[in-house]
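Colleague: One file is attached below, final_8.cif, containing mmCIF, C-alpha atoms.
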```
data_structure
loop_
_atom_site.label_atom_id
_atom_site.label_comp_id
_atom_site.auth_asym_id
_atom_site.auth_seq_id
_atom_site.Cartn_x
_atom_site.Cartn_y
_atom_site.Cartn_z
CA MET F 1 100.26 105.52 -26.73
CA ALA F 2 98.45 102.62 -28.29
CA GLU F 3 95.28 102.93 -30.31
CA ILE F 4 91.97 101.83 -28.85
CA ARG F 5 91.82 98.94 -31.32
CA ASN F 6 94.30 96.14 -31.79
CA THR F 7 96.58 96.26 -34.82
CA GLU F 8 98.46 93.53 -36.66
CA ASN F 9 101.39 93.84 -34.21
CA ASN F 10 100.03 95.54 -31.09
CA TRP F 11 97.29 95.30 -28.51
CA GLY F 12 94.89 98.24 -28.40
CA TRP F 13 94.53 100.06 -25.08
CA LEU F 14 91.00 98.77 -24.47
CA ALA F 15 92.13 95.13 -24.61
CA ILE F 16 95.11 96.03 -22.41
CA PHE F 17 92.79 97.74 -19.92
CA PHE F 18 90.46 94.71 -19.82
CA HIS F 19 93.41 92.37 -19.30
CA TRP F 20 95.08 94.16 -16.40
CA LEU F 21 91.88 95.13 -14.61
CA THR F 22 90.79 91.48 -14.75
CA ALA F 23 94.19 90.27 -13.53
CA ALA F 24 94.22 92.69 -10.59
CA THR F 25 90.62 91.85 -9.68
CA VAL F 26 91.10 88.08 -9.88
CA PHE F 27 94.12 88.01 -7.57
CA SER F 28 92.69 90.47 -5.05
CA MET F 29 89.32 88.71 -5.01
CA PHE F 30 91.06 85.37 -4.42
CA ILE F 31 92.89 86.64 -1.34
CA PHE F 32 89.87 88.67 -0.23
CA GLY F 33 87.59 85.63 -0.60
CA LEU F 34 89.83 83.37 1.48
CA TRP F 35 90.22 86.09 4.11
CA MET F 36 86.54 86.94 4.42
CA THR F 37 85.32 83.34 4.78
CA ASP F 38 87.55 83.01 7.82
CA LEU F 39 86.36 86.11 9.68
CA THR F 40 84.92 85.79 13.16
CA TYR F 41 81.31 86.76 13.78
CA TYR F 42 82.08 90.01 15.57
CA HIS F 43 84.66 91.21 13.03
CA PRO F 44 83.64 94.61 11.57
CA TRP F 45 84.05 93.19 8.05
CA TYR F 46 82.05 89.98 8.67
CA LYS F 47 78.96 91.33 6.92
CA THR F 48 80.43 93.98 4.60
CA ALA F 49 83.24 91.91 3.08
CA PRO F 50 80.94 89.33 1.41
CA GLU F 51 78.70 92.16 0.13
CA LEU F 52 81.72 93.82 -1.43
CA HIS F 53 83.02 90.50 -2.82
CA LYS F 54 79.68 89.80 -4.53
CA SER F 55 79.40 93.34 -5.91
CA ILE F 56 82.90 93.27 -7.39
CA GLY F 57 82.33 89.74 -8.74
CA LEU F 58 79.20 90.75 -10.61
CA LEU F 59 80.90 93.85 -12.04
CA LEU F 60 83.75 91.61 -13.19
CA LEU F 61 81.16 89.42 -14.92
CA LEU F 62 79.87 92.46 -16.76
CA LEU F 63 83.46 93.45 -17.64
CA THR F 64 84.21 89.93 -18.88
CA LEU F 65 81.13 89.87 -21.11
CA LEU F 66 82.12 93.24 -22.57
CA ARG F 67 85.68 91.96 -22.98
CA LEU F 68 84.53 88.84 -24.84
CA ALA F 69 82.28 90.92 -27.08
CA TRP F 70 85.22 93.25 -27.78
CA ARG F 71 87.42 90.28 -28.60
CA PHE F 72 84.98 89.24 -31.34
CA ILE F 73 84.69 92.79 -32.66
CA ASP F 74 88.41 93.47 -32.48
CA PRO F 75 90.59 90.46 -33.39
CA ALA F 76 93.78 89.85 -31.41
CA PRO F 77 97.14 90.81 -32.96
CA ALA F 78 99.05 88.08 -34.77
CA PRO F 79 101.41 85.91 -32.67
CA LEU F 80 105.02 87.01 -32.68
CA ALA F 81 107.10 85.50 -35.50
CA ASN F 82 109.49 83.71 -33.13
CA HIS F 83 106.67 81.75 -31.41
CA SER F 84 106.52 78.07 -32.39
CA ALA F 85 103.29 76.49 -33.59
CA PHE F 86 103.25 74.49 -30.35
CA GLU F 87 103.58 77.62 -28.18
CA ILE F 88 100.82 79.35 -30.11
CA LYS F 89 98.50 76.37 -29.73
CA VAL F 90 99.14 75.95 -25.98
CA ALA F 91 98.84 79.68 -25.33
CA HIS F 92 95.55 79.79 -27.19
CA ARG F 93 94.15 76.87 -25.19
CA VAL F 94 95.26 78.40 -21.90
CA HIS F 95 93.55 81.69 -22.81
CA THR F 96 90.32 79.84 -23.62
CA LEU F 97 90.58 77.91 -20.35
CA LEU F 98 91.11 81.14 -18.40
CA TYR F 99 87.94 82.62 -19.89
CA PHE F 100 85.96 79.50 -18.95
CA LEU F 101 87.38 79.51 -15.42
CA LEU F 102 86.52 83.20 -15.04
CA LEU F 103 82.94 82.66 -16.15
CA GLY F 104 82.67 79.51 -14.01
CA MET F 105 83.89 81.45 -10.97
CA MET F 106 81.33 84.17 -11.36
CA LEU F 107 78.50 81.77 -12.15
CA SER F 108 79.25 79.50 -9.16
CA GLY F 109 79.59 82.49 -6.83
CA TYR F 110 76.27 83.85 -8.04
CA LEU F 111 74.64 80.44 -7.46
CA ILE F 112 75.81 80.36 -3.80
CA SER F 113 74.28 83.70 -2.91
CA THR F 114 71.07 83.24 -4.87
CA ALA F 115 70.50 79.60 -3.79
CA ASP F 116 67.44 80.50 -1.73
CA GLY F 117 65.99 82.92 -4.27
CA ARG F 118 67.44 86.07 -2.69
CA ALA F 119 68.79 88.68 -5.10
CA ILE F 120 72.34 90.05 -4.94
CA THR F 121 72.62 93.76 -4.29
CA VAL F 122 75.50 95.35 -6.18
CA PHE F 123 77.04 98.20 -4.20
CA LYS F 124 73.60 98.98 -2.72
CA ILE F 125 72.72 100.47 -6.13
CA PHE F 126 70.94 97.75 -8.08
CA GLU F 127 69.90 94.13 -7.69
CA ILE F 128 70.66 91.05 -9.75
CA PRO F 129 67.76 88.66 -9.19
CA ALA F 130 68.06 84.92 -8.55
CA ILE F 131 67.36 82.87 -11.67
CA ILE F 132 68.35 79.32 -10.75
CA TYR F 133 67.57 78.48 -7.13
CA GLY F 134 66.15 75.88 -4.79
CA ILE F 135 68.27 72.99 -6.08
CA ASP F 136 69.00 70.55 -3.24
CA HIS F 137 72.11 71.79 -1.39
CA GLN F 138 72.81 74.27 -4.19
CA GLU F 139 74.79 76.59 -1.90
CA ASP F 140 77.08 73.76 -0.74
CA VAL F 141 77.77 72.34 -4.22
CA ALA F 142 78.25 75.80 -5.73
CA GLY F 143 80.56 76.64 -2.81
CA VAL F 144 82.84 73.68 -3.47
CA ILE F 145 82.93 74.52 -7.19
CA HIS F 146 83.65 78.20 -6.46
CA LEU F 147 86.65 77.36 -4.26
CA THR F 148 88.00 74.67 -6.63
CA LEU F 149 87.72 76.87 -9.71
CA GLY F 150 89.24 79.76 -7.78
CA VAL F 151 92.34 77.76 -6.92
CA LEU F 152 92.58 76.47 -10.50
CA LEU F 153 92.14 79.95 -11.97
CA VAL F 154 94.92 81.38 -9.83
CA ILE F 155 97.29 78.50 -10.63
CA ILE F 156 96.66 78.73 -14.38
CA ALA F 157 96.90 82.52 -14.30
CA LEU F 158 100.28 82.21 -12.55
CA LEU F 159 101.46 79.74 -15.22
CA HIS F 160 100.23 82.20 -17.87
CA ALA F 161 102.21 84.99 -16.15
CA GLY F 162 105.23 82.70 -15.82
CA ALA F 163 105.11 81.98 -19.55
CA ALA F 164 104.99 85.72 -20.31
CA ILE F 165 107.99 86.33 -18.06
CA LYS F 166 109.83 83.45 -19.75
CA HIS F 167 109.21 85.11 -23.13
CA HIS F 168 110.54 88.37 -21.72
CA LEU F 169 113.66 87.09 -19.95
CA VAL F 170 114.64 83.96 -21.87
CA ASP F 171 113.34 84.51 -25.39
CA LYS F 172 113.74 88.30 -25.02
CA ASP F 173 110.72 88.91 -27.26
CA ARG F 174 107.86 91.47 -27.07
CA THR F 175 105.15 89.18 -25.63
CA LEU F 176 105.05 90.84 -22.22
CA LYS F 177 105.94 94.34 -23.46
CA ARG F 178 103.04 94.17 -25.92
CA MET F 179 100.63 93.76 -23.01
CA PHE F 180 101.96 97.07 -21.64
CA GLY F 181 101.33 98.81 -24.95
CA ARG F 182 105.00 98.97 -25.93
CA MET I 1 27.95 32.39 22.93
CA LYS I 2 28.55 35.67 21.15
CA LYS I 3 28.92 37.50 24.48
CA LEU I 4 31.37 34.89 25.65
CA ILE I 5 33.54 35.37 22.59
CA ILE I 6 33.49 39.16 23.00
CA ALA I 7 34.32 38.82 26.71
CA GLY I 8 37.11 36.43 25.80
CA LEU I 9 38.48 38.82 23.18
CA LEU I 10 38.38 41.69 25.67
CA ILE I 11 40.35 39.69 28.22
CA VAL I 12 42.91 38.65 25.63
CA SER I 13 43.27 42.18 24.25
CA SER I 14 43.57 43.81 27.66
CA ALA I 15 46.08 41.17 28.72
CA ALA I 16 48.02 41.86 25.53
CA SER I 17 48.02 45.60 26.15
CA THR I 18 49.53 45.18 29.60
CA VAL I 19 52.49 43.31 28.23
CA MET I 20 52.84 45.01 24.88
CA ALA I 21 53.41 48.73 24.66
CA GLU I 22 52.02 50.41 21.60
CA ASN I 23 54.60 51.26 19.00
CA TYR I 24 54.40 54.45 17.03
CA ILE I 25 56.31 55.65 14.00
CA ILE I 26 56.85 59.40 13.98
CA ASP I 27 54.91 60.83 11.06
CA THR I 28 57.69 62.57 9.17
CA LYS I 29 56.21 61.40 5.86
CA GLY I 30 53.13 63.52 6.43
CA ALA I 31 55.25 66.18 8.19
CA HIS I 32 53.34 66.09 11.44
CA ALA I 33 56.58 66.27 13.32
CA PHE I 34 59.02 69.14 13.73
CA ILE I 35 62.49 69.60 15.14
CA GLN I 36 63.15 73.28 15.50
CA PHE I 37 65.81 75.24 17.27
CA LYS I 38 66.17 78.78 18.44
CA ILE I 39 69.21 80.76 19.42
CA LYS I 40 69.62 84.42 20.24
CA HIS I 41 71.04 86.69 17.57
CA LEU I 42 73.47 89.07 19.30
CA GLY I 43 71.09 88.95 22.28
CA TYR I 44 68.61 91.14 20.42
CA SER I 45 66.20 88.63 18.91
CA TRP I 46 65.46 84.92 18.42
CA LEU I 47 66.65 83.12 15.35
CA TYR I 48 64.62 80.03 14.46
CA GLY I 49 65.63 77.12 12.30
CA ARG I 50 64.72 73.51 11.82
CA PHE I 51 65.89 70.14 10.60
CA ASN I 52 63.82 69.07 7.62
CA THR I 53 64.87 65.41 7.49
CA PHE I 54 64.67 63.01 10.41
CA ASP I 55 62.90 59.85 11.46
CA GLY I 56 62.02 58.18 14.71
CA GLN I 57 59.70 56.05 16.72
CA PHE I 58 58.36 55.78 20.22
CA SER I 59 56.53 53.26 22.32
CA TYR I 60 53.94 54.24 24.86
CA ASP I 61 51.70 52.26 27.17
CA GLU I 62 48.98 54.25 28.91
CA LYS I 63 48.94 51.78 31.81
CA ASN I 64 52.66 52.02 32.26
CA PRO I 65 53.97 55.35 30.94
CA GLY I 66 57.28 54.83 32.71
CA SER I 67 58.11 52.09 30.23
CA ALA I 68 57.83 54.45 27.27
CA SER I 69 60.82 55.05 25.06
CA VAL I 70 61.70 57.23 22.11
CA SER I 71 64.46 57.43 19.53
CA VAL I 72 65.08 59.96 16.76
CA ASN I 73 67.70 60.23 14.01
CA ILE I 74 68.36 63.60 12.44
CA ASP I 75 70.00 64.29 9.07
CA THR I 76 72.17 67.27 10.02
CA THR I 77 72.61 68.30 6.38
CA SER I 78 68.91 69.16 6.34
CA ILE I 79 69.36 72.19 8.60
CA ASP I 80 67.23 75.07 7.33
CA SER I 81 67.21 78.57 8.76
CA ASN I 82 65.59 80.10 5.68
CA HIS I 83 68.88 81.57 4.45
CA ALA I 84 71.11 79.51 2.12
CA GLU I 85 74.38 81.27 2.97
CA ARG I 86 73.77 80.87 6.70
CA ASP I 87 72.79 77.22 6.25
CA LYS I 88 76.01 76.66 4.31
CA HIS I 89 77.93 78.16 7.22
CA LEU I 90 76.00 76.08 9.77
CA ARG I 91 76.79 72.88 7.82
CA GLY I 92 80.46 73.76 7.66
CA LYS I 93 83.37 73.19 10.02
CA ASP I 94 82.51 76.15 12.28
CA PHE I 95 79.30 74.47 13.38
CA LEU I 96 77.81 71.06 12.54
CA ASP I 97 80.59 69.83 10.24
CA VAL I 98 78.06 67.66 8.42
CA LYS I 99 80.67 66.04 6.18
CA GLN I 100 82.20 64.45 9.26
CA PHE I 101 78.99 64.16 11.30
CA PRO I 102 76.01 63.73 8.96
CA GLU I 103 73.77 62.39 11.72
CA ALA I 104 72.54 63.44 15.12
CA SER I 105 70.43 61.19 17.33
CA PHE I 106 68.48 60.99 20.54
CA VAL I 107 67.80 57.74 22.40
CA SER I 108 65.83 57.89 25.61
CA THR I 109 66.99 56.18 28.77
CA SER I 110 64.04 57.05 31.02
CA PHE I 111 60.51 58.41 30.71
CA GLU I 112 58.73 59.84 33.71
CA GLU I 113 55.16 61.07 33.60
CA LYS I 114 54.29 63.17 36.63
CA ALA I 115 50.91 63.54 38.31
CA ASP I 116 50.36 66.97 36.76
CA GLY I 117 50.93 65.51 33.30
CA LYS I 118 54.42 66.95 32.87
CA ILE I 119 56.83 64.48 31.33
CA VAL I 120 60.57 64.27 31.88
CA ILE I 121 62.46 62.33 29.21
CA LYS I 122 66.12 61.61 29.83
CA GLY I 123 68.40 60.25 27.18
CA ASN I 124 71.59 60.46 25.18
CA PHE I 125 71.88 63.09 22.52
CA THR I 126 74.63 62.72 19.93
CA LEU I 127 75.58 65.81 17.96
CA HIS I 128 78.80 66.82 16.23
CA GLY I 129 80.31 63.50 17.31
CA VAL I 130 79.71 64.16 21.01
CA SER I 131 77.26 62.09 23.09
CA LYS I 132 75.82 63.69 26.20
CA ALA I 133 72.92 63.04 28.58
CA ILE I 134 70.15 65.61 28.14
CA THR I 135 66.69 66.08 29.62
CA ILE I 136 63.63 66.92 27.55
CA ASP I 137 60.70 68.54 29.31
CA ALA I 138 57.66 67.30 27.48
CA GLU I 139 53.92 67.11 27.55
CA HIS I 140 51.33 64.85 26.07
CA ILE I 141 49.32 66.84 23.53
CA GLY I 142 46.67 64.29 22.59
CA HIS I 143 45.82 60.95 21.07
CA GLY I 144 43.00 59.17 19.30
CA ASN I 145 41.68 57.94 16.00
CA ASP I 146 42.46 59.94 12.90
CA PRO I 147 39.78 60.34 10.21
CA TRP I 148 41.53 57.87 7.87
CA GLY I 149 41.53 54.68 9.94
CA GLY I 150 44.72 55.18 11.92
CA TYR I 151 45.52 55.96 15.52
CA ARG I 152 47.79 58.82 16.48
CA ARG I 153 49.48 60.20 19.56
CA GLY I 154 51.55 63.34 19.95
CA PHE I 155 53.99 64.97 22.32
CA ALA I 156 55.82 68.26 22.46
CA GLY I 157 59.02 68.97 24.33
CA THR I 158 61.90 71.34 24.76
CA THR I 159 65.51 71.04 25.82
CA SER I 160 68.46 73.36 25.80
CA PHE I 161 72.20 73.05 25.93
CA ALA I 162 75.34 75.05 25.34
CA LEU I 163 76.89 74.68 21.87
CA LYS I 164 80.22 74.25 23.66
CA ASP I 165 78.93 71.06 25.33
CA PHE I 166 78.92 69.50 21.89
CA ASN I 167 82.30 70.89 20.94
CA ILE I 168 80.86 73.61 18.70
CA ASN I 169 83.11 76.51 19.60
CA TYR I 170 82.40 79.21 17.04
CA ASN I 171 81.90 82.44 18.95
CA LEU I 172 78.46 83.91 18.29
CA GLY I 173 78.75 86.22 21.27
CA PRO I 174 77.97 86.00 24.97
CA ALA I 175 74.19 86.01 24.48
CA SER I 176 74.26 83.17 21.98
CA GLN I 177 75.90 80.31 23.85
CA GLN I 178 72.74 78.32 24.50
CA VAL I 179 70.51 76.76 21.89
CA GLU I 180 67.00 75.62 22.59
CA ILE I 181 65.47 72.66 20.76
CA LEU I 182 61.73 72.50 20.27
CA LEU I 183 60.27 69.12 19.38
CA SER I 184 56.78 68.39 18.25
CA VAL I 185 56.08 64.82 17.22
CA GLU I 186 53.04 62.89 16.19
CA GLY I 187 53.29 59.11 15.95
CA ILE I 188 51.10 56.72 13.99
CA ARG I 189 50.40 53.52 15.90
CA GLN I 190 51.66 50.42 14.12
#
```
What would the structure in this file look like if it were written as structure tokens?
Modeller:
Amino acid sequence: MAEIRNTENNWGWLAIFFHWLTAATVFSMFIFGLWMTDLTYYHPWYKTAPELHKSIGLLLLLLTLLRLAWRFIDPAPAPLANHSAFEIKVAHRVHTLLYFLLLGMMLSGYLISTADGRAITVFKIFEIPAIIYGIDHQEDVAGVIHLTLGVLLVIIALLHAGAAIKHHLVDKDRTLKRMFGR
Amino acid sequence: MKKLIIAGLLIVSSAASTVMAENYIIDTKGAHAFIQFKIKHLGYSWLYGRFNTFDGQFSYDEKNPGSASVSVNIDTTSIDSNHAERDKHLRGKDFLDVKQFPEASFVSTSFEEKADGKIVIKGNFTLHGVSKAITIDAEHIGHGNDPWGGYRRGFAGTTSFALKDFNINYNLGPASQQVEILLSVEGIRQ
């Protein structure tokens, strides 16, 4: 079992937890989002699915902020010795891009639902108020951005996963295993 | 001499008014004109919305109301039902498809003022890329000088149609097939 904190060679379990929970949420929310925007008016999920989507999205925002804070507190392990300088550089840029896409997704989603000043209720427990609203056609512009970033995020995340699998199968190194705490 | 000139002016002006209908621009600048709609929600209540951006004009001659005409252009992207997520849905492909059809319009083909004051306006309504003849039941609300040197005249009317008639096929349920349009326009004489 890994430690909570990262070490020189291994990911700590908290970083691992953040990573896989985010990955699972992103892919399910992508499918869920496409599915729910296509529901017919009388579908039992027509009203509840978007409420759930927004609640999960805002919790993922909270998780991502905690994750970023943790990343500053707890530096990532060193790259594996067999990784080239080029691989390290590209990987680093992709990770940064993924964080920006994640934050952009949650921000644009938030701006759709709060475009008229209404708050978002998270799991019927608490409300996140609208901060930026009333911009001309805000919901439409934010909607286009949300879908575009969503597609981009999933594509880049798949490339990121593909690269990890390549390290595992072709290079036969610990890149992927490390993310499972091994 | 003075009387003669006044008499002459009266003759000229009355002759002019018989040939020239008065033209009015609908006062959307001052927002004394409204295009609202209502549709039943599940059959349990009325949902109201409006189009915030439109323009139009009408001509009207008191001596010959039958010659009156009216035309209105509506910016469909300006639909407003006081709920951003719903408006986004209404602008999308399920309903108005405003990317493809950013404008709706009405152009009258006939104007009939009945003895009891009821007005029947027939014309072509274009919405969602479909043009169809519709009838607006209207009434004259009033006319006269405004306090700022202008002259105004207003009408109100209603019409209804099935969303399907304009190729809008999203299923809102059996009680929500028909939409009613409520128009209230005030024109400033030019």
Colleague: Within 8 Å of chain F, which residues of chain I are there when counting only C-alpha atoms? Please give them as number ranges by chain.
Modeller: I: 82-85, 88, 171-173
Colleague: Please, could you write that set of residues out with C-alpha atoms as a compact mmCIF listing (two decimals), keeping the file's coordinate frame?
Modeller:
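The result, written out as out-v6.txt:
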```txt
# COMPACT_ATOMS: atom_id res chain seq x y z
CA ASN I 82 65.59 80.10 5.68
CA HIS I 83 68.88 81.57 4.45
CA ALA I 84 71.11 79.51 2.12
CA GLU I 85 74.38 81.27 2.97
CA LYS I 88 76.01 76.66 4.31
CA ASN I 171 81.90 82.44 18.95
CA LEU I 172 78.46 83.91 18.29
CA GLY I 173 78.75 86.22 21.27
```
Colleague: Could you spell out the hits of the PyMOL selection byres ((chain F and resi 78) around 7) on the shown file, as a PyMOL selection string?
Modeller: chain F and resi 8-9+76-77+79-80
Colleague: So that I have them on file, write out the residues from the current selection with C-alpha atoms, as a PDB file, keeping the file's coordinate frame.
Modeller:
```pdb
ATOM      1  CA  GLU F   8      98.460  93.530 -36.660  1.00  0.00           C
ATOM      2  CA  ASN F   9     101.390  93.840 -34.210  1.00  0.00           C
ATOM      3  CA  ALA F  76      93.780  89.850 -31.410  1.00  0.00           C
ATOM      4  CA  PRO F  77      97.140  90.810 -32.960  1.00  0.00           C
ATOM      5  CA  PRO F  79     101.410  85.910 -32.670  1.00  0.00           C
ATOM      6  CA  LEU F  80     105.020  87.010 -32.680  1.00  0.00           C
TER       7      LEU F  80
END
```
Colleague: Compare I:Gln57, I:Thr135, I:Gln36, I:Gln178 by their minimum atom-to-atom distance to Glu22 of chain I, counting all atoms listed in the file, and give me the closest one.
Modeller: I:Gln57
Colleague: Starting from the shown file, work through the PyMOL selection byres ((chain I and resi 58) around 12) and note down what comes out as JSON, numbers by chain.
Modeller: {"I": [21, 22, 23, 24, 25, 26, 27, 55, 56, 57, 59, 60, 61, 65, 67, 68, 69, 70, 71, 72, 106, 107, 108, 111, 121, 152, 153, 154, 155, 185, 186, 187, 188, 189, 190]}
Colleague: So, counting all atoms listed in the file, which residue among F:Thr121, F:His146, F:Met179, F:Ala85 is closest to Leu14 of chain F?
Modeller: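 Distance minimum relative to Leu14 of chain F lands on F:Met179.
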Colleague: Can you translate the PyMOL selection byres ((chain I and resi 170) around 12) into the concrete residues it hits in this file, as a list of chain:residue names?
Modeller: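 Output from the PyMOL selection byres ((chain I and resi 170) around 12), applied to this file: F:Asp38, F:Leu39, F:Thr40, F:Tyr41, F:Tyr42, I:His89, I:Leu90, I:Gly92, I:Lys93, I:Asp94, I:Phe95, I:Leu96, I:Asp97, I:Ala162, I:Leu163, I:Lys164, I:Phe166, I:Asn167, I:Ile168, I:Asn169, I:Asn171, I:Leu172, I:Gly173, I:Pro174, I:Ser176, I:Gln177.
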Colleague: Using all atoms listed in the file - which residues lie no farther than 12 Å from the point (86.3, 93.7, -23.6) in the file's frame? Write them as a PyMOL selection string.
Modeller: chain F and resi 4-6+12-22+60-76+99
Colleague: Measure the distance from atom CA of Ala138 of chain I to atom CA of Thr28 of chain I in Å and round it to one decimal.
Modeller: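 Atom CA of Thr28 of chain I lies 18.9 Å from atom CA of Ala138 of chain I.
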Colleague: Let me make sure I understand: among I:Gly30, I:Gly43, I:Pro147, I:Gly49, which one has the smallest atom-to-atom distance to Glu180 of chain I if we use all atoms listed in the file?
Modeller: I:Gly49
Colleague: Give me, please, the distance in Å between atom CA of His128 of chain I and atom CA of Ala104 of chain I, quoted to one decimal.
Modeller: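 Taking atom CA of His128 of chain I as the start and atom CA of Ala104 of chain I as the end point, the length is 7.2 Å.
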Colleague: Calculate how many Å separate atom CA of Phe125 of chain I from atom CA of Thr158 of chain I, rounding to one decimal.
Modeller: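 Between atom CA of Phe125 of chain I and atom CA of Thr158 of chain I the gap is 13.1 Å.
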Colleague: To test the calculation: enclose all listed atoms of segment 132-150 of chain F in a box whose edges run along x, y and z, add 5 Å on each side, then state centre and edge lengths in Å to one decimal, as lines of an AutoDock Vina configuration file.
Modeller:
```
center_x = 77.7
center_y = 75.2
center_z = -5.7
size_x = 33.1
size_y = 19.2
size_z = 20.0
```
Colleague: Nearest to Phe32 of chain F among F:Ala130, F:Ala119, F:Gly150, F:Arg174, with distances taken over all atoms listed in the file: which residue is it?
Modeller: F:Gly150
Colleague: Check the smallest atom-to-atom distance from each of F:His95, F:His53, F:His43, F:Lys172 to Val122 of chain F using only C-alpha atoms, then report the winner.
Modeller: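 For Val122 of chain F, the nearest of the given residues is F:His53.
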